[in-house]
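Participant: Can you read through this structure? Questions will come right after.
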Amino acid sequence: MSFGEFMQQLVNGISLGSLYALVAIGYTMVYGILRLINFAHGDIMMLGAYFAFFGYAVFVLPWWLSFIIAIVITSLVGVLIDKVAYKPVRKAPRISALMTAIGVSFFLENFGLVVFGGVPRGFHRPEMFGKLITIGGVRFVSYSIYIPLFTAIFLMLLLFLVYKTKIGMAMRAVSKDMETTRLMGIDVDFVISVTFAVGSALAAAGGIMWAIKFPQINPLMGIMPGLKAFIAAVFGGIGDITGAMLGGFILGVIEIMTVAFFPDFAGYRDAIAFSLLIIILLFKPTGLMGEKIEEKV
Amino acid sequence: MNRKTRFLLNVLLVAGLFFLLYLAKHYLNSYMVRIITLGGVYVVLAVSYNLVNGITGQFSLGPNAFMAVGAYTASLLTLSVASKQQMFFIEPLIWPFNSVQIHFFPATLLGGVAGGLTAYLVGIPSFRLRGDYLAIVTLGFGEIVRVIANNVIFLTNGALGLKDIPNYTNIYWAWGWAVFTFFFVRKLTDSSYGRAFKAIREDEIAAEAMGINPFKHKMLSFVISGFFAGVGGALLAHLITTISPVLFSFFITFNLLIIIVLGGLGSSTGAAIAAVLFAVISELLRAIESPMNLGFIHIPGIPGMRMVVFAILLVVFMIFWPRGIMGRKELTWDLFFNRKRGGVS
Amino acid sequence: MSSTDVVLKLDHITMRFGGVVAVSDFEMEIKEGELVGLIGPNGAGKTTIFNMVTGVYTPTEGRIYFYGEDITGRKPYQITAMGIARTFQNIRLFKDLSVMDNVLAASHFRLNSNIFAAAFGFPSYIRQDDEMKEEALRLLDSVGLVEYMNFVAGGLPYGQQRRLEIARALATHPRLLLLDEPAAGMNPHETEELMGFIQGIRKKFNVTILLIEHDMKVVMGICERIRVMDHGIAIAEGEPKDIQNNPRVIEAYLGKEDEEDA
């Protein structure tokens, strides 16, 4: 493999990794606060892409506006899902909540199939994202730069939110100890809603950018990326935002690189992520950055 | 009520059941017989899945893997050498499968053994984890098995899958296995081992403090469940006669999950009832998916609506009725004949 | 001579969790047949000691001997099989199971029958199962719970739950019984009953008892010997009357005099 090819694949891996990172953050934020694996998160990503699609295809909005509106609407859908499906099982055993999440996920996927149809739709890639660029013999498409760039911007905004604002502090408090935070007079339900809103917004952004990179959308498009993003979150240490970011990037790069170096194993691509997951969980279940949660005896 | 009486009652019950099946086979149309047969297969799958999730309290999301292994193993053994040669045109099938053909029953048994073995391999690393992590890891293994099935063309024929599998699963085989699975799991649950499983479910730390080896018992439960999942997979393959990796995706796990939640996590009776209900309702709901012509009103079909309904059902159940039909209770002869005893599981 | 057999020997055990030292260089010996109390303010490390003895934690340093055998680092179920049983601070019954099943579950490890024999109902299994059930009935009878045998454990009144937890531990045929705050949450009348109950089972089941307790009436009333801990270290040992007047013990519970003034 030449250096040029290597760089190309690396760039590829980084842009894929950015997408995983964006979705992984939403998973990790919700898990950090509710200890719930929001199975439906990958499907939220799908909704983001579809809402954007309908924005410019049906309502004929300029692409940037439809993207923004899609992110906002998806964010609200995320909050709605929490209120309708997750809140009632907040006090129930963890397995109930997990099953509810699986149910919501299936609902979104199949409802998507019914409403949007199973036939994949072509997603319009705005011109600025489709320009071919050559730097030092390495050829790539402009989205490969924009995706990590936007991801970085979103992440910085997020870190600002979580570490420099009052609501962010509330979010961190709730993830450490929900009951005590509630006793301190903080509206925990509101904090949870904000968490879902932010996580879903990021997932929607991820979904839109995914559709820019792979310009075909279908209602089941969120399943694999969703699972892989979750694996990335666990890899980085579930509950830790920086960990989710790192995990996403690393997973994206590993996935692309493995297939690049071992093209014969391309069919096993999806299994790479799962194998990675199993290995991490066995050797360092707390992930790269995670903390151990001991059960009190 | 002593053991002998209970045994006799059970024998009568099973005899009665088979008599009903005989009547069904001879008087109902083949479509309905097929649904009843499918119901029997679901009973095998659901009751064994419930052993791990409901009775031992371990959240596994990977039964699809063991079903797949069982289905492929059994099918590769019952298909004729000639059909296999024809089917495996991209890459020839490896030995010994390419040169053997055996009877359905031993093939099904071997499918079960293969399922159990796979469960053993999956269980060893997986049961180091608990709760959410166990769920995700078993899900991961389920996916890995599917991906492998798609790629080891010399064994599974890859994405093309296997077709023209002989249609050996009739109503008697399906329900014969269903009865065996049900009674085996029930007797196991009522035994000392069953108490150990439930103790682990209730409080693993306390169970261990009372001398129960948690890993060993989780593995026992898991491997037995894997065996029956393999059997169920084999039965399914010989009912629908075509299998491919896509069939054994998380989707089928999701269906089993709905069934055991609906029936009551922890009740084999509930799982069995729900399995049959699921097979029936699933078919009835197909009606929504195809167009309906009610005279002057023509309602267009909505494909995919069935799963939407099931998904909504699962969520609604978890919120309003998490105990399901039977909760953790079983139907016992004592309940019918002896009002004094309370129904404690 | 069995009356001087050392049942449990804690040899300079230390427990560190990351930077926190929960127990430091602790030692203790318990002789057969004794009823010993382990007391100290909250957070002193008493339950941690229990957890180390029963294998839930492996001591960072030091060794634990049971009847002379080194049990350090063994798994909890192995230690139970050797003859040490315990109850928990926050009752950990199998809530959804019946009283009878709670006790039977604790007999399972003594079953000498594989899973197929159990599932298919082989005579060898049935015989053992019947024996286990008879024994469980006798046990429940001797602790006064037999009329509740089919009740769901989680539905029992608090006092009965505590009793059931002790009965369950006894079903493992222990030679050493560790009771973690058995009197917690009880009113004076229940506490009286419990004291008699504990002394009774010591005699009836021929078992050595180590007891963690905050209720001083219980401690002073039934313990023959008391060990006092504070902040992970042993600070005193002796008979009840000596401990009551020990200034270090008083200080541990009430704080130093000049601290109070300040």
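Ordering of the structure tokens sets the chain letters (A, B, ...), residue numbers begin anew at 1 in every chain, and ligands are numbered from 1 in the order given.
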For range 178-182 of chain C, please output as JSON, numbers by chain all residues within 7 Å (counting only C-alpha atoms; exclusion window: fewer than 5 positions along the same chain).
Facilitator: {"C": [85, 86, 87, 88, 89, 162, 209, 210, 211, 212, 213, 214]}
Participant: Taking only residues of chain A that have an atom at most 8 Å from an atom of chain B, what is each one's shortest atom pair and its distance in Å to one decimal, using only C-alpha atoms, in chain and number order, as CSV?
Facilitator:
residue,atom,partner,partner_atom,distance
A:Ile37,CA,B:Asp132,CA,7.5
A:Ala85,CA,B:Val315,CA,6.9
A:Pro88,CA,B:Ile319,CA,6.1
A:Val89,CA,B:Ile319,CA,6.0
A:Arg94,CA,B:Gly131,CA,7.8
A:Ile95,CA,B:Phe59,CA,7.4
A:Ser96,CA,B:Met318,CA,6.0
A:Ala97,CA,B:Met318,CA,7.7
A:Leu98,CA,B:Asp132,CA,7.8
A:Met99,CA,B:Met318,CA,7.4
A:Thr100,CA,B:Val315,CA,5.0
A:Ala101,CA,B:Val315,CA,7.9
A:Ile102,CA,B:Phe254,CA,8.0
A:Gly103,CA,B:Ala311,CA,4.9
A:Val104,CA,B:Ala311,CA,6.7
A:Phe106,CA,B:Ala311,CA,5.7
A:Phe107,CA,B:Ala311,CA,5.0
A:Asn110,CA,B:Val308,CA,5.5
A:Phe111,CA,B:Val308,CA,5.8
A:Leu113,CA,B:Gly304,CA,6.6
A:Val114,CA,B:Gly304,CA,5.7
A:Gly267,CA,B:Asn151,CA,6.4
A:Tyr268,CA,B:Val147,CA,6.2
A:Asp270,CA,B:Val147,CA,7.3
A:Ala271,CA,B:Ile144,CA,5.2
A:Phe274,CA,B:Gly140,CA,5.2
A:Ser275,CA,B:Gly140,CA,7.5
A:Leu277,CA,B:Val137,CA,7.4
A:Ile278,CA,B:Val137,CA,6.0
A:Leu281,CA,B:Tyr133,CA,7.7
A:Leu282,CA,B:Pro125,CA,6.9
A:Val297,CA,B:Ile205,CA,7.8
Participant: Find the residues of chain B that sit at most 7 Å from chain C; for each, write down the nearest two atoms and how far apart they are in Å, to one decimal. Count only C-alpha atoms. Sort by chain, then by number going up, and give it as CSV.
Facilitator:
residue,atom,partner,partner_atom,distance
B:Phe184,CA,C:Ala119,CA,6.0
B:Lys187,CA,C:Ala119,CA,5.2
B:Leu188,CA,C:Ala119,CA,4.5
B:Ser191,CA,C:Ala118,CA,6.2
B:Ser192,CA,C:His108,CA,5.9
B:Tyr193,CA,C:Ile115,CA,6.9
B:Arg195,CA,C:Ala105,CA,5.5
B:Ala196,CA,C:Ala105,CA,5.7
B:Ala199,CA,C:Phe94,CA,6.0
B:Glu202,CA,C:Phe94,CA,5.2
B:Asp203,CA,C:Phe94,CA,6.3
B:Ala206,CA,C:Arg92,CA,6.1
B:Glu208,CA,C:Tyr77,CA,5.1
B:Ala209,CA,C:Pro76,CA,5.6
B:Met210,CA,C:Ala106,CA,5.0
B:Gly211,CA,C:Tyr77,CA,4.0
B:Ile212,CA,C:Tyr77,CA,5.7
B:Asn213,CA,C:Tyr77,CA,5.8
B:Val344,CA,C:Ser98,CA,6.6
B:Ser345,CA,C:Leu97,CA,6.6
Participant: Could you take the residues named above and write them with N, CA and C atoms, as a PDB file, in the first residue's frame?
Facilitator:
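part_25.pdb was written with the following content:
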ATOM      1  N   PHE B 184     -39.366 -30.876  30.317  1.00  0.00           N
ATOM      2  CA  PHE B 184     -37.978 -30.893  30.784  1.00  0.00           C
ATOM      3  C   PHE B 184     -37.670 -29.621  31.567  1.00  0.00           C
ATOM      4  N   LYS B 187     -39.671 -29.474  34.897  1.00  0.00           N
ATOM      5  CA  LYS B 187     -39.121 -30.345  35.933  1.00  0.00           C
ATOM      6  C   LYS B 187     -37.804 -29.784  36.454  1.00  0.00           C
ATOM      7  N   LEU B 188     -37.035 -29.237  35.542  1.00  0.00           N
ATOM      8  CA  LEU B 188     -35.771 -28.651  35.944  1.00  0.00           C
ATOM      9  C   LEU B 188     -36.005 -27.469  36.876  1.00  0.00           C
ATOM     10  N   SER B 191     -36.933 -28.395  40.300  1.00  0.00           N
ATOM     11  CA  SER B 191     -35.936 -29.166  41.028  1.00  0.00           C
ATOM     12  C   SER B 191     -35.006 -28.238  41.795  1.00  0.00           C
ATOM     13  N   SER B 192     -34.064 -28.857  42.474  1.00  0.00           N
ATOM     14  CA  SER B 192     -33.103 -28.080  43.245  1.00  0.00           C
ATOM     15  C   SER B 192     -32.314 -27.139  42.343  1.00  0.00           C
ATOM     16  N   TYR B 193     -31.991 -27.623  41.128  1.00  0.00           N
ATOM     17  CA  TYR B 193     -31.266 -26.759  40.199  1.00  0.00           C
ATOM     18  C   TYR B 193     -32.093 -25.537  39.837  1.00  0.00           C
ATOM     19  N   ARG B 195     -34.224 -24.091  41.717  1.00  0.00           N
ATOM     20  CA  ARG B 195     -34.156 -23.166  42.851  1.00  0.00           C
ATOM     21  C   ARG B 195     -32.843 -22.398  42.822  1.00  0.00           C
ATOM     22  N   ALA B 196     -31.792 -23.080  42.433  1.00  0.00           N
ATOM     23  CA  ALA B 196     -30.500 -22.392  42.336  1.00  0.00           C
ATOM     24  C   ALA B 196     -30.558 -21.306  41.263  1.00  0.00           C
ATOM     25  N   ALA B 199     -32.531 -18.470  42.566  1.00  0.00           N
ATOM     26  CA  ALA B 199     -31.785 -17.746  43.597  1.00  0.00           C
ATOM     27  C   ALA B 199     -30.813 -16.770  42.945  1.00  0.00           C
ATOM     28  N   GLU B 202     -32.764 -13.852  41.782  1.00  0.00           N
ATOM     29  CA  GLU B 202     -33.219 -12.965  42.843  1.00  0.00           C
ATOM     30  C   GLU B 202     -32.080 -12.135  43.412  1.00  0.00           C
ATOM     31  N   ASP B 203     -30.979 -12.778  43.714  1.00  0.00           N
ATOM     32  CA  ASP B 203     -29.868 -12.077  44.335  1.00  0.00           C
ATOM     33  C   ASP B 203     -28.612 -12.919  44.186  1.00  0.00           C
ATOM     34  N   ALA B 206     -26.244 -13.124  47.266  1.00  0.00           N
ATOM     35  CA  ALA B 206     -26.759 -13.979  48.341  1.00  0.00           C
ATOM     36  C   ALA B 206     -26.705 -15.440  47.918  1.00  0.00           C
ATOM     37  N   GLU B 208     -24.588 -16.859  45.948  1.00  0.00           N
ATOM     38  CA  GLU B 208     -23.224 -17.347  46.071  1.00  0.00           C
ATOM     39  C   GLU B 208     -22.861 -17.568  47.531  1.00  0.00           C
ATOM     40  N   ALA B 209     -23.365 -16.687  48.399  1.00  0.00           N
ATOM     41  CA  ALA B 209     -23.090 -16.829  49.830  1.00  0.00           C
ATOM     42  C   ALA B 209     -23.735 -18.090  50.389  1.00  0.00           C
ATOM     43  N   MET B 210     -24.734 -18.607  49.687  1.00  0.00           N
ATOM     44  CA  MET B 210     -25.383 -19.831  50.153  1.00  0.00           C
ATOM     45  C   MET B 210     -24.803 -21.054  49.462  1.00  0.00           C
ATOM     46  N   GLY B 211     -23.626 -20.903  48.880  1.00  0.00           N
ATOM     47  CA  GLY B 211     -22.927 -22.059  48.344  1.00  0.00           C
ATOM     48  C   GLY B 211     -23.148 -22.336  46.864  1.00  0.00           C
ATOM     49  N   ILE B 212     -23.966 -21.538  46.194  1.00  0.00           N
ATOM     50  CA  ILE B 212     -24.251 -21.788  44.788  1.00  0.00           C
ATOM     51  C   ILE B 212     -23.176 -21.148  43.925  1.00  0.00           C
ATOM     52  N   ASN B 213     -22.605 -21.926  43.016  1.00  0.00           N
ATOM     53  CA  ASN B 213     -21.585 -21.428  42.102  1.00  0.00           C
ATOM     54  C   ASN B 213     -22.281 -20.721  40.942  1.00  0.00           C
ATOM     55  N   VAL B 344     -47.470 -20.504  44.703  1.00  0.00           N
ATOM     56  CA  VAL B 344     -46.191 -19.801  44.842  1.00  0.00           C
ATOM     57  C   VAL B 344     -45.174 -20.460  43.932  1.00  0.00           C
ATOM     58  N   SER B 345     -44.434 -19.650  43.234  1.00  0.00           N
ATOM     59  CA  SER B 345     -43.483 -20.256  42.266  1.00  0.00           C
ATOM     60  C   SER B 345     -42.248 -20.746  42.993  1.00  0.00           C
TER      61      SER B 345
END
Participant: Please list as number ranges by chain every residue within 9 Å of Ile13 in chain C, counting only C-alpha atoms and excluding residues in the same chain fewer than 5 positions away.
Facilitator: C: 23-27, 49, 52, 59-64
Participant: In Å, how far is it from CA of Phe222 in chain B to CA of Gly270 in chain B?
Facilitator: 19.5 Å
